[in-house]
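As structure tokens, the structure follows; a few thoughts come after it.
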Amino acid sequence: MRERYRRAVGRAAKGALLDELERVLGWHRKHAIRAMASAPARAPRVRRGRPRQYLACLSAIERVWEALDYCCAERLHPQLQRLARDLVRHGELEAPAEVLEELGRISRATVARRIAALERPRPRRLPVAPHPQRLLKTAVPIGRFAWDESRAGALEVDLVEHNGGSSSGHYAATLSVVDVVSGWSRRRAVLGKSQAVVHEALQRLLSEWPSPVWGLHSDNGAEFLNNHLVRYCRQHAIEYHRSRAYRKNDNAHVEQKNRQLVREVVGYGRYDQPADVLWLNGVYELLDAYANVVLPSQKLIGKTRDGAKLRKRYDTARTPLERLQELGAISPQRQAELAALQRDLNPLALKRELDARLERRGNPPAALAEAAD
């Protein structure tokens, strides 16, 4: 019927053949059309048998394959004959000269077919534990403080390097800690960036913090993201989270203080001696008191979007100490100490002393004036 349908000329002749198929076989019209238009099924092609070759060298191939840790045929084939001779010389393989000659003639494709049929045991490997840094990143969640956070004690930390543009050798760094609510900030210089040194400096600053610390945020640097800090936060019930990768704005408050109260004060020079660290800590001792008790700052209190423009509103300028006092976050004992410090502090004398200390190291006092502006 398919041959008659192929030879039929005209629509009427083909339609008559389709009508006959529908009456005799009960087929649907569309099925009959598809059956007549399709090519006839071919009988399966019988492949001629050919005797398998290189069976005598199969055991030698398997032995060399084992010696190469069950590698692929592309890596096994070029070394097959040479390694077989080496194994024969060391008594690991018994292969006559005919077998070694076959190993030189066998093709890569044939080697691939032979080893595909062999059992491939799994190579023994020692269990590898996950990288410690990956485990720490799993334990420390990604997060950030809200821009309108109202609870004092939410701290951001960062490390500012003083390498003068070259990361070679040993150099100093400044640990910077900022409260995102009150703006209270502290700085501490250390020599090197080892985890133990940075953690010791951070632990000292947190122990001297005027308000209880409940939250801590850092970037993904190994100087912070380590077992020392994770254990410390768990022991003291501190919420610890980290920034997203390559998102410096997640740590925006401390990054702002790094520019204003570190770079613009002590500059971008290289400090790599213990005397430099002592000088930096002497500067920060005066600078911390000046920034927290004397220098006022404005805090963002609202954001509204007008089309493509974002309008921000700020509160009245106040010092970080005044903000902590208004929040009632300072303990009574520490409150009395800070009140006495504020009462006895001469702002102009403190600024002159800070300028003089900066001049002795070669930094112009104008940098501090710019930071105050």
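Order determines the names: the first chain of the structure tokens is A, the second B, and so forth; residues in each chain are numbered 1 upward, and ligands are numbered 1 upward as they are shown.
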Mind checking which residues fall within 7 Å of stretch 177-194 of chain A, counting only C-alpha atoms, ignoring those fewer than 4 positions away in the same chain, and posting them as a PyMOL selection string? chain A and resi 149-158+170-173+198+201+223+253-254+277+280-281+284+288+292+320+323-324
File dump, residues just selected, C-alpha atoms, as a PDB file, in the first residue's frame:
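Below is the file that was written, out24.pdb:
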```pdb
ATOM      1  CA  GLU A 149      19.643  51.028  64.311  1.00  0.00           C
ATOM      2  CA  SER A 150      18.765  52.504  67.705  1.00  0.00           C
ATOM      3  CA  ARG A 151      20.492  50.202  70.248  1.00  0.00           C
ATOM      4  CA  ALA A 152      23.960  51.297  71.298  1.00  0.00           C
ATOM      5  CA  GLY A 153      26.590  48.567  71.266  1.00  0.00           C
ATOM      6  CA  ALA A 154      26.398  47.632  67.568  1.00  0.00           C
ATOM      7  CA  LEU A 155      30.049  47.781  66.498  1.00  0.00           C
ATOM      8  CA  GLU A 156      31.805  47.645  63.140  1.00  0.00           C
ATOM      9  CA  VAL A 157      35.502  46.730  63.045  1.00  0.00           C
ATOM     10  CA  ASP A 158      38.140  47.062  60.347  1.00  0.00           C
ATOM     11  CA  HIS A 170      56.205  43.407  58.273  1.00  0.00           C
ATOM     12  CA  TYR A 171      54.294  46.638  58.853  1.00  0.00           C
ATOM     13  CA  ALA A 172      51.859  48.227  61.271  1.00  0.00           C
ATOM     14  CA  ALA A 173      48.082  48.332  61.041  1.00  0.00           C
ATOM     15  CA  VAL A 198      44.570  41.653  66.282  1.00  0.00           C
ATOM     16  CA  ALA A 201      43.931  44.519  70.599  1.00  0.00           C
ATOM     17  CA  GLU A 223      42.425  38.632  60.903  1.00  0.00           C
ATOM     18  CA  HIS A 253      30.464  53.449  59.309  1.00  0.00           C
ATOM     19  CA  VAL A 254      33.938  52.199  60.132  1.00  0.00           C
ATOM     20  CA  VAL A 277      53.495  51.622  66.727  1.00  0.00           C
ATOM     21  CA  LEU A 280      50.593  55.762  66.578  1.00  0.00           C
ATOM     22  CA  ASN A 281      49.084  54.601  69.860  1.00  0.00           C
ATOM     23  CA  TYR A 284      45.254  57.597  69.048  1.00  0.00           C
ATOM     24  CA  ASP A 288      40.078  59.078  70.664  1.00  0.00           C
ATOM     25  CA  ASN A 292      34.494  61.121  71.208  1.00  0.00           C
ATOM     26  CA  PRO A 320      29.379  60.591  70.561  1.00  0.00           C
ATOM     27  CA  ARG A 323      24.548  60.499  72.175  1.00  0.00           C
ATOM     28  CA  LEU A 324      25.498  57.705  74.592  1.00  0.00           C
TER      29      LEU A 324
END
```
If you count only C-alpha atoms, which residues fall within 12 Å of A:Ser207, apart from same-chain ones fewer than 5 positions away, as a PyMOL selection string? chain A and resi 186+200-202+212-213+232+236
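Here atom CA of A:Trp65 stands at a distance of 8.3 Å from atom CA of A:Leu80.
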Spatial neighbours of A:Arg108, max dist 9 Å, only C-alpha atoms, sep filter under 6 positions, as a ChimeraX atom specification: /A:73-74,76-78
Can you tell me how far atom CA of A:Pro121 sits from atom CA of A:Ala109, in Å to one decimal?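 Computing it gives 21.4 Å between the two atoms.
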Can you pull out every residue within 10 Å of A:Leu354, counting only C-alpha atoms, but drop anything in the same chain fewer than 4 positions away, and send it as a PyMOL selection string? chain A and resi 265+282-287+290+348-350+358-359+365+368
If we count only C-alpha atoms and set the cut-off at 7 Å, which residues sit around stretch 299-306 of chain A, ignoring sequence neighbours fewer than 6 positions away in its own chain? Please answer as a short mmCIF file (atom, residue, chain, number, x, y, z; two decimals) with C-alpha atoms, in the first residue's frame.
```cif
data_model
loop_
_atom_site.label_atom_id
_atom_site.label_comp_id
_atom_site.auth_asym_id
_atom_site.auth_seq_id
_atom_site.Cartn_x
_atom_site.Cartn_y
_atom_site.Cartn_z
CA ASP A 148 18.33 53.30 61.53
CA LYS A 312 18.44 62.49 53.48
CA ARG A 313 17.69 64.18 56.78
CA TYR A 314 20.18 64.55 59.63
CA ASP A 315 19.72 65.34 63.30
#
```
I need the residues in stretch 14-233 of chain A that are helix (DSSP H, G or I) according to DSSP; give them as number ranges by chain. A: 14-25, 29-37, 58-67, 73-89, 97-105, 108-116, 132-139, 195-207, 227-233
Looking at A:Leu100, A:Ala252, A:Phe224, A:Arg311, which one is nearest to A:Trp147, with distances taken over only C-alpha atoms? A:Ala252
Using only C-alpha atoms, which protein or nucleic acid residues come within 10 Å of A:Val64? Drop anything in the same chain fewer than 4 positions from it, and give the result as a compact mmCIF listing (two decimals) with N, CA and C atoms, in the first residue's frame.
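The file below, selection-v1.txt, is the result:
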```txt
# COMPACT_ATOMS: atom_id res chain seq x y z
N SER A 59 46.49 -8.54 30.00
CA SER A 59 46.95 -8.56 31.39
C SER A 59 48.05 -7.53 31.61
N ALA A 60 48.91 -7.33 30.60
CA ALA A 60 49.97 -6.32 30.73
C ALA A 60 49.37 -4.90 30.77
N LEU A 68 49.60 3.25 36.97
CA LEU A 68 49.32 4.67 36.71
C LEU A 68 48.04 5.15 37.38
N ASP A 69 47.57 4.44 38.39
CA ASP A 69 46.42 4.84 39.20
C ASP A 69 45.16 4.97 38.34
N TYR A 70 44.99 4.03 37.38
CA TYR A 70 43.76 3.92 36.59
C TYR A 70 43.44 5.22 35.85
N CYS A 71 44.45 5.71 35.13
CA CYS A 71 44.27 6.96 34.39
C CYS A 71 43.54 6.68 33.08
N LEU A 76 47.52 6.87 29.34
CA LEU A 76 48.09 5.53 29.47
C LEU A 76 48.85 5.10 28.22
N HIS A 77 48.29 5.37 27.04
CA HIS A 77 48.84 4.83 25.79
C HIS A 77 50.29 5.25 25.53
N GLN A 79 52.72 5.81 27.48
CA GLN A 79 53.68 5.23 28.43
C GLN A 79 53.54 3.72 28.55
N LEU A 80 52.68 3.12 27.73
CA LEU A 80 52.33 1.71 27.93
C LEU A 80 53.53 0.79 27.77
N GLN A 81 54.21 0.87 26.63
CA GLN A 81 55.31 -0.06 26.36
C GLN A 81 56.49 0.17 27.31
N ARG A 82 56.84 1.43 27.58
CA ARG A 82 57.99 1.73 28.44
C ARG A 82 57.75 1.22 29.86
N LEU A 83 56.55 1.49 30.41
CA LEU A 83 56.27 1.05 31.78
C LEU A 83 56.16 -0.46 31.87
N ALA A 84 55.67 -1.10 30.81
CA ALA A 84 55.60 -2.56 30.84
C ALA A 84 57.01 -3.16 30.93
N ARG A 85 57.95 -2.60 30.18
CA ARG A 85 59.35 -3.09 30.28
C ARG A 85 59.90 -2.86 31.69
N ASP A 86 59.59 -1.69 32.29
CA ASP A 86 60.07 -1.42 33.64
C ASP A 86 59.49 -2.41 34.64
N LEU A 87 58.21 -2.75 34.51
CA LEU A 87 57.59 -3.71 35.42
C LEU A 87 58.17 -5.10 35.23
N GLU A 92 57.52 -7.32 38.44
CA GLU A 92 56.10 -7.09 38.72
C GLU A 92 55.20 -7.61 37.61
N LEU A 93 55.78 -7.99 36.47
CA LEU A 93 54.98 -8.41 35.32
C LEU A 93 55.75 -9.46 34.54
```
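Rounded to one decimal, atom CA of A:Arg352 and atom CA of A:Val293 lie 15.6 Å from each other.
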